[in-house]
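Here the structure comes first, spelled out in structure tokens, and everything after it is commentary.
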Amino acid sequence: MISIDLIQSTAEALMAKAAIEIPDDYLAGLKTAAETEDGDLSSFVLQAMLENYEAAKEDRRAMCGDTGVPRWYVKIANDATIEGGPVALETALRRATANATNGVPLRPNRVHPLWRTDHDNNVGIGAPEIEYGFEPEGDWIDLITVHKGGLFGTDYRMLFPSDGIEGIKRFYLDTLVAFGKRGLACQPAIIGIGLGGSKDTCMVLGKRASTLRVVGSRNPDPRIAELEDEFKTLGNSIGMGAMGFVGKNMVIDCNIEVGYCHTGGMQMSVHAFCLSSRRAVARLFADGRVEYRTDPDWFTPFQRRDTVAWNEVKEAAE
Amino acid sequence: MKPRQIRLSTTPTSDAIAELKLGDIVYLDGLMYTAREGVYMRALEEQANIPMELPSQSAANFHCSPAAAIREDGSFDMGAVTATASFRFAKWLPEWIAKTGAKLIIGKGGMSSKDYKDYFVPNGAIYLSTVGYGTGALLGRGVENVEAVHWRDELGLAQAMWVIRCNKMGPFIVASNLQGECLFERENERISENLARVYEGTKPAVLKRFGETDDRGDELIG
């Protein structure tokens, strides 16, 4: 059984790690971008961001003053048991979010949409979001926190099969240019694209594509992987860089995730995980071990399965 | 060419402001206060007395909510500092600038050149943008002290009026000048020239959105 105290203390550590330490994969991507950038202003911006990551780590202070909207993804292996059950787990994650908001400190961003009530701790109705996934084997749980910006860079559109790849490209460019102007998307970003599902799941897929896959990863479908490469190049050919200044770096990487959709439709969403791509991950085992990492490794073959039963896939592989 | 770097007081002289060029990098010294929709509504719509002497104490209005906590002993723990997008405050800014004599409006993304010409220039004010966005940790290092937090109970931590003593706080980018020119619009115009080529081969969605435009030079704020 995984101890609830361990869950809460690990969750608090993850909140601080996500806020302070830029993940290595994004950092490497941004360094490459900084080397290639030749726009005077956008180049200055990228250098300032690289200095900012160092300052955050040295001072143990958040890299960005806007905490975004902290959220949790919990991956539960099939044989894991949690002390106190799922209700205790959610309480621990909510408490960790509140404690870290005051402890790091983070900006208390979360307010009631109408009454603007602020608990000063990033906890409230539906906040933080806690989403779940499962894996067939093991007795561990993965805790993943993501602090993604909450205002700009995301859009959704109902496309149709007749729109085709050219229609997908158009909406991709529309979203990048619209939110890239004046740098509202805080680019260069990890762009996530969700295709298919239904409106809500399309948004979920795109958001997860941007936040739960690392820079350099590729979709296992080779034709989708080709699109990812093509879209990265396309986004970086707009001529726009950091802050919407003239430049050549909008997209650190482009990740695409798909879900089966209505036969008449082709839903599409676009998401930007920003210059402070904040994510942190830990795997907790029943024996009390905790392993920290920055790759959520969310999109496993199990998450992308397209058969009725998982066994069919497994047996085919064997 | 590397941008110029300049140190500027938060109560700047008109000469110092006149010398700034679009794209200059600025570091600030002196008192700065945060004010966004909460403060504007309270001071302008509810006519509450502003709890500072403006502009003599500070002529620098930061569109910001810091990542900060108030410790049990009443002192402040300020971590990272990042701006929020300013275009949303155009509704209140003309009255605010006239009332408080603010010369430096500091935030994210800038305003339109129309805003600059209509009420920045006549008041001798310019816009400074944060960099990134956002260099929260670097700006946090420039905070020498939190002098006060006004209206914390009325507005909450995020919307309260934080009074910050800055010591070489930056970097910020000069995004408007006393001619009312806008750095972001200048950059948008240059980028727009290239957009037709990038869009080549794509096609508009088969189902249109009501009110949709294909003019890629459009400014989306204002």
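Identifiers in this document derive from the order of the structure tokens: chains are assigned A, B, ..., residues are numbered from 1 separately in each chain, and ligands are numbered from 1 in order of occurrence.
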
So that each row is one residue of segment 128-179 of chain B with an atom at most 12 Å from segment 250-274 of chain A, can you give its shortest atom pair and the distance in Å to one decimal, using only C-alpha atoms, rows by chain and rising number, as CSV?
```
residue,atom,partner,partner_atom,distance
B:Gly132,CA,A:Cys274,CA,9.8
B:Tyr133,CA,A:Cys274,CA,8.5
B:Gly134,CA,A:Cys274,CA,9.6
```

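Around Leu22 of chain B, within 6 Å and counting only C-alpha atoms, the residues found are Val174, Ala175 and Leu183 of chain B, once anything fewer than 6 positions away on its own chain is removed.
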
For the selection just defined, write its residues with C-alpha atoms to a file, as an mmCIF file, in the first residue's frame.
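Saved result, selection01.cif, follows:
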```
data_model
loop_
_atom_site.group_PDB
_atom_site.id
_atom_site.type_symbol
_atom_site.label_atom_id
_atom_site.label_comp_id
_atom_site.auth_asym_id
_atom_site.auth_seq_id
_atom_site.Cartn_x
_atom_site.Cartn_y
_atom_site.Cartn_z
ATOM 1 C CA VAL B 174 10.549 50.057 -24.373
ATOM 2 C CA ALA B 175 7.378 49.285 -26.365
ATOM 3 C CA LEU B 183 6.992 48.330 -31.050
#
```

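The smallest atom-to-atom distance between chain A and any of B:Gly180, B:Gly142, B:Gly124, B:Pro55, using only C-alpha atoms, is found for B:Gly142.
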
Chain A residues near chain B within 8 Å, closest pair each, using only C-alpha atoms, as JSON lines:
```
{"residue": "A:Asp40", "atom": "CA", "partner": "B:Met1", "partner_atom": "CA", "distance": 6.2}
{"residue": "A:Leu41", "atom": "CA", "partner": "B:Gly23", "partner_atom": "CA", "distance": 7.2}
{"residue": "A:Phe44", "atom": "CA", "partner": "B:Lys2", "partner_atom": "CA", "distance": 7.7}
{"residue": "A:Val45", "atom": "CA", "partner": "B:Gly132", "partner_atom": "CA", "distance": 5.5}
{"residue": "A:Leu46", "atom": "CA", "partner": "B:Gly132", "partner_atom": "CA", "distance": 7.2}
{"residue": "A:Ala48", "atom": "CA", "partner": "B:Thr135", "partner_atom": "CA", "distance": 7.0}
{"residue": "A:Met49", "atom": "CA", "partner": "B:Thr135", "partner_atom": "CA", "distance": 6.0}
{"residue": "A:Glu51", "atom": "CA", "partner": "B:Leu138", "partner_atom": "CA", "distance": 7.7}
{"residue": "A:Asn52", "atom": "CA", "partner": "B:Thr135", "partner_atom": "CA", "distance": 5.4}
{"residue": "A:Tyr53", "atom": "CA", "partner": "B:Ala137", "partner_atom": "CA", "distance": 7.6}
{"residue": "A:Ala55", "atom": "CA", "partner": "B:Ala137", "partner_atom": "CA", "distance": 5.9}
{"residue": "A:Ala56", "atom": "CA", "partner": "B:Ala137", "partner_atom": "CA", "distance": 5.2}
{"residue": "A:Arg61", "atom": "CA", "partner": "B:Gly79", "partner_atom": "CA", "distance": 5.2}
{"residue": "A:Ala62", "atom": "CA", "partner": "B:Ala80", "partner_atom": "CA", "distance": 5.3}
{"residue": "A:Met63", "atom": "CA", "partner": "B:Ala137", "partner_atom": "CA", "distance": 4.9}
{"residue": "A:Cys64", "atom": "CA", "partner": "B:Gly136", "partner_atom": "CA", "distance": 4.1}
{"residue": "A:Gly65", "atom": "CA", "partner": "B:Val81", "partner_atom": "CA", "distance": 4.2}
{"residue": "A:Asp66", "atom": "CA", "partner": "B:Thr82", "partner_atom": "CA", "distance": 5.9}
{"residue": "A:Thr67", "atom": "CA", "partner": "B:Ala67", "partner_atom": "CA", "distance": 7.4}
{"residue": "A:Asn102", "atom": "CA", "partner": "B:Ala69", "partner_atom": "CA", "distance": 5.7}
{"residue": "A:Gly103", "atom": "CA", "partner": "B:Ala69", "partner_atom": "CA", "distance": 7.9}
{"residue": "A:Val104", "atom": "CA", "partner": "B:Gly79", "partner_atom": "CA", "distance": 7.4}
{"residue": "A:Pro105", "atom": "CA", "partner": "B:Ala68", "partner_atom": "CA", "distance": 5.5}
{"residue": "A:Leu106", "atom": "CA", "partner": "B:Ala67", "partner_atom": "CA", "distance": 4.6}
{"residue": "A:Arg107", "atom": "CA", "partner": "B:Ala67", "partner_atom": "CA", "distance": 3.7}
{"residue": "A:Pro108", "atom": "CA", "partner": "B:Ala158", "partner_atom": "CA", "distance": 6.5}
{"residue": "A:Asn109", "atom": "CA", "partner": "B:Ala158", "partner_atom": "CA", "distance": 6.9}
{"residue": "A:Asp118", "atom": "CA", "partner": "B:Gly156", "partner_atom": "CA", "distance": 6.4}
{"residue": "A:Asp120", "atom": "CA", "partner": "B:Leu157", "partner_atom": "CA", "distance": 6.6}
{"residue": "A:Leu159", "atom": "CA", "partner": "B:Ala205", "partner_atom": "CA", "distance": 6.7}
{"residue": "A:Phe160", "atom": "CA", "partner": "B:Val206", "partner_atom": "CA", "distance": 7.4}
{"residue": "A:Ser162", "atom": "CA", "partner": "B:Val206", "partner_atom": "CA", "distance": 7.4}
{"residue": "A:Asp163", "atom": "CA", "partner": "B:Ala205", "partner_atom": "CA", "distance": 6.0}
{"residue": "A:Glu166", "atom": "CA", "partner": "B:Thr202", "partner_atom": "CA", "distance": 4.5}
{"residue": "A:Gly167", "atom": "CA", "partner": "B:Lys203", "partner_atom": "CA", "distance": 5.3}
{"residue": "A:Lys169", "atom": "CA", "partner": "B:Thr202", "partner_atom": "CA", "distance": 6.0}
{"residue": "A:Arg170", "atom": "CA", "partner": "B:Thr202", "partner_atom": "CA", "distance": 5.2}
{"residue": "A:Phe171", "atom": "CA", "partner": "B:Ala205", "partner_atom": "CA", "distance": 7.9}
{"residue": "A:Leu173", "atom": "CA", "partner": "B:Tyr199", "partner_atom": "CA", "distance": 7.5}
{"residue": "A:Ala178", "atom": "CA", "partner": "B:Leu220", "partner_atom": "CA", "distance": 7.4}
{"residue": "A:Lys181", "atom": "CA", "partner": "B:Asn188", "partner_atom": "CA", "distance": 6.8}
{"residue": "A:Arg182", "atom": "CA", "partner": "B:Gly109", "partner_atom": "CA", "distance": 4.9}
{"residue": "A:Gly183", "atom": "CA", "partner": "B:Gly109", "partner_atom": "CA", "distance": 6.6}
{"residue": "A:Leu184", "atom": "CA", "partner": "B:Gly109", "partner_atom": "CA", "distance": 6.6}
{"residue": "A:Cys186", "atom": "CA", "partner": "B:Tyr133", "partner_atom": "CA", "distance": 5.2}
{"residue": "A:Gln187", "atom": "CA", "partner": "B:Tyr133", "partner_atom": "CA", "distance": 7.9}
{"residue": "A:Leu234", "atom": "CA", "partner": "B:Val198", "partner_atom": "CA", "distance": 7.5}
{"residue": "A:Ser237", "atom": "CA", "partner": "B:Val198", "partner_atom": "CA", "distance": 7.0}
{"residue": "A:Ile238", "atom": "CA", "partner": "B:Val198", "partner_atom": "CA", "distance": 6.1}
{"residue": "A:Gly239", "atom": "CA", "partner": "B:Ile191", "partner_atom": "CA", "distance": 5.9}
{"residue": "A:Met240", "atom": "CA", "partner": "B:Ile191", "partner_atom": "CA", "distance": 6.4}
{"residue": "A:Ala242", "atom": "CA", "partner": "B:Gly132", "partner_atom": "CA", "distance": 6.8}
{"residue": "A:Met243", "atom": "CA", "partner": "B:Gly132", "partner_atom": "CA", "distance": 6.3}
{"residue": "A:Gly244", "atom": "CA", "partner": "B:Glu187", "partner_atom": "CA", "distance": 7.2}
{"residue": "A:Phe245", "atom": "CA", "partner": "B:Glu187", "partner_atom": "CA", "distance": 5.5}
{"residue": "A:Val246", "atom": "CA", "partner": "B:Glu187", "partner_atom": "CA", "distance": 6.0}
{"residue": "A:Leu275", "atom": "CA", "partner": "B:Tyr133", "partner_atom": "CA", "distance": 6.9}
{"residue": "A:Ser276", "atom": "CA", "partner": "B:Gly134", "partner_atom": "CA", "distance": 7.8}
```

Surrounding residues of Gly222 of chain B excluding itself and chain neighbours under 4 positions, 8 Å, only C-alpha atoms, as a tab-separated table (two decimals) with C-alpha atoms, in the first residue's frame:
```tsv
chain	number	residue	atom	x	y	z
B	87	PHE	CA	-4.75	45.35	-23.27
B	90	ALA	CA	-7.57	49.98	-21.65
B	111	MET	CA	-1.41	48.50	-26.00
B	112	SER	CA	-2.41	49.76	-29.45
```

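Put simply, atom CA of Pro136 of chain A is 5.1 Å away from atom CA of Asn78 of chain A.
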
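The spacing separating atom CA of Val215 of chain A from atom CA of Phe172 of chain B amounts to 28.9 Å.
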
How many Å lie between atom CA of Gly235 of chain A and atom CA of Arg71 of chain A, rounded to one decimal? 27.5 Å

Quick one: DSSP strand (DSSP E or B) residues in segment 51-191 of chain A, as a PyMOL selection string? chain A and resi 69-77+82+111+118+124+127+130-135+141-148+155-159+189-191

DSSP on the backbone: what in segment 162-229 of chain A comes out helix (DSSP H, G or I), as a VMD selection string? chain A and resid 162 to 183 199 to 211 222 to 229
